[in-house]
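One file, target36.csv, carrying CSV, C-alpha atoms:
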chain,number,residue,atom,x,y,z
C,1,MET,CA,48.9,28.6,-47.2
C,2,LYS,CA,46.6,31.5,-46.4
C,3,LYS,CA,43.6,29.2,-47.2
C,4,ALA,CA,45.0,26.6,-44.8
C,5,ILE,CA,45.4,29.1,-42.0
C,6,ILE,CA,41.9,30.5,-42.5
C,7,GLY,CA,40.4,27.0,-42.7
C,8,PHE,CA,42.2,26.1,-39.5
C,9,ILE,CA,40.9,29.2,-37.7
C,10,CYS,CA,37.4,28.6,-38.9
C,11,ALA,CA,37.6,25.0,-37.6
C,12,LEU,CA,38.6,26.3,-34.2
C,13,VAL,CA,36.0,29.1,-34.0
C,14,THR,CA,33.0,27.1,-35.4
C,15,PRO,CA,32.5,24.9,-32.2
C,16,LEU,CA,32.5,28.1,-30.1
C,17,ALA,CA,29.9,29.7,-32.3
C,18,PHE,CA,27.5,26.8,-31.9
C,19,ALA,CA,28.3,26.0,-28.2
C,20,GLN,CA,25.4,26.2,-25.8
C,21,THR,CA,25.8,28.2,-22.7
C,22,SER,CA,25.0,26.3,-19.6
C,23,THR,CA,21.9,27.2,-17.7
C,24,THR,CA,20.9,26.1,-14.2
C,25,THR,CA,17.2,25.5,-13.5
C,26,GLU,CA,15.9,25.2,-10.0
C,27,GLU,CA,12.6,23.6,-9.4
C,28,THR,CA,10.7,23.8,-6.1
C,29,THR,CA,7.9,21.5,-5.5
C,30,THR,CA,5.4,21.9,-2.7
C,31,THR,CA,3.2,19.0,-1.8
C,32,LYS,CA,0.2,19.1,0.5
C,33,PRO,CA,-0.2,16.4,3.1
C,34,ALA,CA,-2.7,13.8,2.2
C,35,THR,CA,-6.3,14.6,3.1
C,36,THR,CA,-7.4,12.7,6.1
C,37,THR,CA,-10.9,11.8,7.1
C,38,GLU,CA,-11.7,11.6,10.8
C,39,THR,CA,-14.5,9.5,11.9
C,40,THR,CA,-15.8,9.8,15.3
C,41,THR,CA,-17.9,7.1,16.8
C,42,SER,CA,-19.6,7.6,20.1
C,43,THR,CA,-20.9,4.8,22.2
C,44,THR,CA,-24.1,5.3,24.1
C,45,TYR,CA,-26.1,3.0,26.3
C,46,THR,CA,-29.6,2.3,27.4
C,47,ALA,CA,-30.2,1.1,31.0
C,48,GLY,CA,-33.2,-0.8,32.2
C,49,ALA,CA,-34.8,-4.2,32.9
C,50,VAL,CA,-34.8,-7.0,30.4
C,51,THR,CA,-38.3,-7.8,29.1
C,52,THR,CA,-37.3,-10.4,26.4
C,53,TYR,CA,-34.0,-12.0,25.4
C,54,GLU,CA,-33.1,-14.4,22.6
C,55,PRO,CA,-29.4,-15.3,22.9
C,56,GLY,CA,-27.5,-14.1,19.8
C,57,LYS,CA,-30.6,-12.5,18.3
C,58,THR,CA,-32.4,-9.8,20.2
C,59,ILE,CA,-32.8,-8.1,23.5
C,60,VAL,CA,-35.7,-5.8,24.6
C,61,VAL,CA,-35.0,-3.5,27.5
C,62,LYS,CA,-37.6,-1.5,29.3
C,63,SER,CA,-36.0,1.9,30.0
C,64,ASP,CA,-37.3,5.3,31.1
C,65,GLN,CA,-38.3,6.0,27.5
C,66,GLY,CA,-40.2,2.7,27.2
C,67,PRO,CA,-39.2,-0.6,25.6
C,68,VAL,CA,-36.1,-0.5,23.4
C,69,SER,CA,-35.3,-3.4,21.0
C,70,PHE,CA,-31.7,-4.2,20.0
C,71,ALA,CA,-30.4,-6.8,17.5
C,72,LEU,CA,-27.5,-8.7,18.9
C,73,GLY,CA,-24.7,-9.5,16.4
C,74,THR,CA,-21.8,-11.9,16.8
C,75,ALA,CA,-19.6,-9.1,18.2
C,76,ALA,CA,-21.9,-8.3,21.1
C,77,HIS,CA,-20.6,-9.6,24.5
C,78,VAL,CA,-22.8,-10.2,27.6
C,79,VAL,CA,-20.6,-9.5,30.7
C,80,ASN,CA,-21.1,-8.8,34.4
C,81,ALA,CA,-20.0,-5.7,36.2
C,82,ALA,CA,-16.5,-7.2,36.7
C,83,GLY,CA,-16.2,-7.7,33.0
C,84,LYS,CA,-16.5,-11.5,33.0
C,85,VAL,CA,-18.5,-13.2,30.3
C,86,VAL,CA,-22.0,-14.3,31.4
C,87,THR,CA,-22.9,-17.7,29.9
C,88,ALA,CA,-26.3,-18.1,31.4
C,89,PRO,CA,-29.2,-16.6,29.4
C,90,LEU,CA,-30.6,-13.3,30.7
C,91,ARG,CA,-33.9,-13.4,32.6
C,92,ALA,CA,-36.8,-11.0,32.4
C,93,GLY,CA,-36.4,-8.3,35.0
C,94,GLN,CA,-32.6,-8.4,35.2
C,95,LYS,CA,-31.1,-4.9,35.2
C,96,VAL,CA,-28.7,-4.3,32.3
C,97,ARG,CA,-26.9,-1.6,30.3
C,98,VAL,CA,-26.8,-2.1,26.6
C,99,TYR,CA,-23.9,-0.2,25.0
C,100,TYR,CA,-24.3,0.5,21.3
C,101,THR,CA,-23.2,2.7,18.4
C,102,GLY,CA,-25.0,4.2,15.5
C,103,PRO,CA,-28.4,5.8,14.9
C,104,THR,CA,-31.7,4.3,16.0
C,105,GLU,CA,-32.4,2.5,12.7
C,106,SER,CA,-28.9,0.8,12.6
C,107,ARG,CA,-27.7,0.4,16.1
C,108,VAL,CA,-24.8,-2.0,16.6
C,109,VAL,CA,-24.6,-3.5,20.1
C,110,GLU,CA,-21.1,-3.7,21.4
C,111,ARG,CA,-21.7,-5.2,24.9
C,112,VAL,CA,-24.4,-5.8,27.5
C,113,ILE,CA,-23.5,-5.4,31.1
C,114,VAL,CA,-25.6,-7.2,33.7
C,115,GLU,CA,-25.9,-5.0,36.7
C,116,GLU,CA,-27.2,-7.6,39.2
Structure translated into structure tokens:
Amino acid sequence: MKKAIIGFICALVTPLAFAQTSTTTEETTTTKPATTTETTTSTTYTAGAVTTYEPGKTIVVKSDQGPVSFALGTAAHVVNAAGKVVTAPLRAGQKVRVYYTGPTESRVVERVIVEE
């Protein structure tokens, strides 16, 4: 009978001996906001008189700095001072402002405003 009681006590104590104590782990994660790239595009213009004009291709304007050539892309719009699209081809001598972005070697014409 003693062996039975000792075996019974050992059976009760054994799970406690191998029991794992509970632990609480707290994890804090800090994330940085995504890196953003800011691109600033400035629009500049050249004002002067048209010397040559090929619709949809090029326009050359005689400004204070001398003649300046621009390549016209499909996005370039020719408008009057009121903002209405000009459908007639530009004539030599007409006063215009050519608004463009980018450096000299890769200017992109946004719009041409006819001042007369």
Exercise. For CA of Val68 in chain C and CA of Ala82 in chain C, determine how far apart the two atoms are, in Å to one decimal place.
Key: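 CA of Ala82 in chain C lies 24.6 Å from CA of Val68 in chain C.
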Quiz item: Of the candidates C:Thr58, C:Thr30, C:Ser63, C:Thr43, which one gets nearest to Gly93 in chain C if we count all atoms listed in the file?
Solution: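 Closest candidate: C:Ser63.
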Practice problem: Between C:Tyr53, C:Gly83, C:Thr46, C:Lys32, single out the one closest to Gly66 in chain C, counting all atoms listed in the file. | Solution: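 With all atoms listed in the file as the atom set, the closest residue is C:Thr46.
Each of C:Val86, C:Val114, C:Val109, C:Ile9 was compared to Gly48 in chain C using only C-alpha atoms, and C:Val114 turns out to be the nearest.
CA of Lys84 in chain C sits 23.7 Å away from CA of Ser69 in chain C.
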Quiz item: With distances taken over only C-alpha atoms, which of C:Thr101, C:Thr44, C:Thr87, C:Val112 is nearest to Ile59 in chain C?
Solution: C:Val112
Within 9 Å of (-27.8, -11.6, 33.0), in the coordinates the file gives, what residues turn up when you count all atoms listed in the file, written out as a compact mmCIF listing (two decimals) with C-alpha atoms, in the frame of the given file?
# COMPACT_ATOMS: atom_id res chain seq x y z
CA VAL C 50 -34.80 -7.00 30.40
CA VAL C 78 -22.80 -10.20 27.60
CA VAL C 79 -20.60 -9.50 30.70
CA ASN C 80 -21.10 -8.80 34.40
CA VAL C 86 -22.00 -14.30 31.40
CA THR C 87 -22.90 -17.70 29.90
CA ALA C 88 -26.30 -18.10 31.40
CA PRO C 89 -29.20 -16.60 29.40
CA LEU C 90 -30.60 -13.30 30.70
CA ARG C 91 -33.90 -13.40 32.60
CA GLN C 94 -32.60 -8.40 35.20
CA LYS C 95 -31.10 -4.90 35.20
CA VAL C 96 -28.70 -4.30 32.30
CA VAL C 112 -24.40 -5.80 27.50
CA ILE C 113 -23.50 -5.40 31.10
CA VAL C 114 -25.60 -7.20 33.70
CA GLU C 115 -25.90 -5.00 36.70
CA GLU C 116 -27.20 -7.60 39.20
Practice problem: For each of C:Lys62, C:Ala76, C:Thr37, C:Ser42, take the minimum atom-to-atom distance to Gly102 in chain C, counting all atoms listed in the file, then give the residue where this is smallest. | Solution: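 Closest to Gly102 in chain C, using all atoms listed in the file: C:Ser42.
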Quiz item: Rounded to one decimal in Å, what is the spacing between CA of Thr104 in chain C and CA of Val85 in chain C?
Solution: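 Computing it gives 26.2 Å between the two atoms.
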Completion step: range 91-102 of chain C with N, CA and C atoms as a PDB file, keeping the file's coordinate frame:
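Contents of the output file rebuild_37.pdb:
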ATOM      1  N   ARG C  91     -32.501 -13.213  32.178  1.00  0.00           N
ATOM      2  CA  ARG C  91     -33.900 -13.400  32.600  1.00  0.00           C
ATOM      3  C   ARG C  91     -34.658 -12.127  32.554  1.00  0.00           C
ATOM      4  N   ALA C  92     -35.945 -12.231  32.364  1.00  0.00           N
ATOM      5  CA  ALA C  92     -36.800 -11.000  32.400  1.00  0.00           C
ATOM      6  C   ALA C  92     -36.681 -10.401  33.777  1.00  0.00           C
ATOM      7  N   GLY C  93     -36.536  -9.080  33.795  1.00  0.00           N
ATOM      8  CA  GLY C  93     -36.400  -8.300  35.000  1.00  0.00           C
ATOM      9  C   GLY C  93     -34.989  -8.024  35.451  1.00  0.00           C
ATOM     10  N   GLN C  94     -33.988  -8.697  34.865  1.00  0.00           N
ATOM     11  CA  GLN C  94     -32.600  -8.400  35.200  1.00  0.00           C
ATOM     12  C   GLN C  94     -32.245  -6.991  34.711  1.00  0.00           C
ATOM     13  N   LYS C  95     -31.496  -6.264  35.548  1.00  0.00           N
ATOM     14  CA  LYS C  95     -31.100  -4.900  35.200  1.00  0.00           C
ATOM     15  C   LYS C  95     -29.804  -4.991  34.340  1.00  0.00           C
ATOM     16  N   VAL C  96     -29.837  -4.301  33.203  1.00  0.00           N
ATOM     17  CA  VAL C  96     -28.700  -4.300  32.300  1.00  0.00           C
ATOM     18  C   VAL C  96     -28.452  -2.928  31.710  1.00  0.00           C
ATOM     19  N   ARG C  97     -27.263  -2.779  31.152  1.00  0.00           N
ATOM     20  CA  ARG C  97     -26.900  -1.600  30.300  1.00  0.00           C
ATOM     21  C   ARG C  97     -26.485  -2.146  28.987  1.00  0.00           C
ATOM     22  N   VAL C  98     -27.124  -1.654  27.940  1.00  0.00           N
ATOM     23  CA  VAL C  98     -26.800  -2.100  26.600  1.00  0.00           C
ATOM     24  C   VAL C  98     -26.015  -0.937  25.921  1.00  0.00           C
ATOM     25  N   TYR C  99     -24.737  -1.188  25.621  1.00  0.00           N
ATOM     26  CA  TYR C  99     -23.900  -0.200  25.000  1.00  0.00           C
ATOM     27  C   TYR C  99     -23.918  -0.435  23.468  1.00  0.00           C
ATOM     28  N   TYR C 100     -24.180   0.642  22.720  1.00  0.00           N
ATOM     29  CA  TYR C 100     -24.300   0.500  21.300  1.00  0.00           C
ATOM     30  C   TYR C 100     -23.791   1.744  20.563  1.00  0.00           C
ATOM     31  N   THR C 101     -23.554   1.599  19.261  1.00  0.00           N
ATOM     32  CA  THR C 101     -23.200   2.700  18.400  1.00  0.00           C
ATOM     33  C   THR C 101     -24.135   2.817  17.256  1.00  0.00           C
ATOM     34  N   GLY C 102     -24.167   3.962  16.629  1.00  0.00           N
ATOM     35  CA  GLY C 102     -25.000   4.200  15.500  1.00  0.00           C
ATOM     36  C   GLY C 102     -26.356   4.756  15.781  1.00  0.00           C
TER      37      GLY C 102
END
